[in-house]
Structure formats: structure tokens, C-alpha cells
Amino acid sequence: MANLPSLRAIVWAAIPIIAMCFTVPLWDRVFPMVLGMPFNMFWLVLWVLLTPVFMWQAYLAETAHIEALEKEGKAK
């Protein structure tokens, strides 16, 4: 049986997806401008730039999870 990913890694990886896809009704306005862009475009660009940071945290969480499993002797 394959090892399942840690919950912490799943949460870190899901945050950008949730922020980009499921928060649209909260910020879907054209009028506010940030850095010369409409806010909705700024929001998406911001999350595109932040996604690697969250993926790095997910990687670190998963690496720690695998190391803990190996220490317990449960990893393949």
C-alpha cells in the first residue's frame, strides 16, 4: 500500500486553489485598482506569484512526514 500524503501538505497545496477559484464572489469588482490593475486581475496575479511559496511549504511538510514515517519504519 502506498503512503498517503500528509494532511498538512494537502492543506498547503489547497490554499492557492481555493484563493484563486472559490473566492471570486468576494472580490469580483472591476472598479478598485491596485498597482494599475483592476483588483480581480491583481488578485489572480498575486496568487500566481504566491503559489510556489505554498508548494514549497507543502513539499517541506511532505518531506517531514516521510522522514517521520521512515523513522517509525512505516514508509516503503
# chains A, B, ... in the order shown; residues from 1 in each chain; ligands from 1
call {"tool": "residues_around", "arguments": {"residues": "Val11 of chain A", "least_positions_apart": "3", "cutoff": "12 Å", "atoms": "only C-alpha atoms", "output": "list in words"}}
result
Pro5, Ser6, Leu7, Arg8, Ala14, Ile15, Pro16, Ile17, Ile18, Phe54, Met55, Gln57, Ala58, Tyr59, Ala61 and Glu62 of chain A
call {"tool": "select_by_dssp", "arguments": {"residues": "chain A", "states": "strand (DSSP E)", "output": "ChimeraX atom specification"}}
result
/A:33-34,37-38
call {"tool": "write_last_selection", "arguments": {"atoms": "C-alpha atoms", "output": "mmCIF file, in the first residue's frame"}}
result
data_model
loop_
_atom_site.group_PDB
_atom_site.id
_atom_site.type_symbol
_atom_site.label_atom_id
_atom_site.label_comp_id
_atom_site.auth_asym_id
_atom_site.auth_seq_id
_atom_site.Cartn_x
_atom_site.Cartn_y
_atom_site.Cartn_z
ATOM 1 C CA MET A 33 -7.362 49.455 -8.797
ATOM 2 C CA VAL A 34 -4.163 48.075 -7.279
ATOM 3 C CA MET A 37 -4.600 46.764 -12.450
ATOM 4 C CA PRO A 38 -8.227 46.015 -11.666
#
call {"tool": "atom_distance", "arguments": {"atom1": "atom CA of Leu60 of chain A", "atom2": "atom CA of Thr23 of chain A"}}
result
26.1 Å
call {"tool": "atom_distance", "arguments": {"atom1": "atom CA of Trp47 of chain A", "atom2": "atom CA of Cys21 of chain A"}}
result
10.5 Å
call {"tool": "closest_residue", "arguments": {"among": "A:Pro25, A:Met20, A:Thr63, A:Trp12", "to": "Phe42 of chain A", "atoms": "only C-alpha atoms"}}
result
A:Met20
call {"tool": "atom_distance", "arguments": {"atom1": "atom CA of Glu72 of chain A", "atom2": "atom CA of Leu4 of chain A"}}
result
15.2 Å
call {"tool": "select_by_dssp", "arguments": {"residues": "chain A", "states": "alpha helix (DSSP H)", "output": "JSON, numbers by chain"}}
result
{"A": [7, 8, 9, 10, 11, 12, 13, 14, 15, 16, 17, 18, 19, 20, 21, 24, 25, 26, 27, 39, 40, 41, 42, 43, 44, 45, 46, 47, 48, 49, 50, 51, 52, 53, 54, 55, 56, 57, 58, 59, 60, 61, 62, 63, 64, 65, 66, 67, 68, 69, 70, 71, 72]}
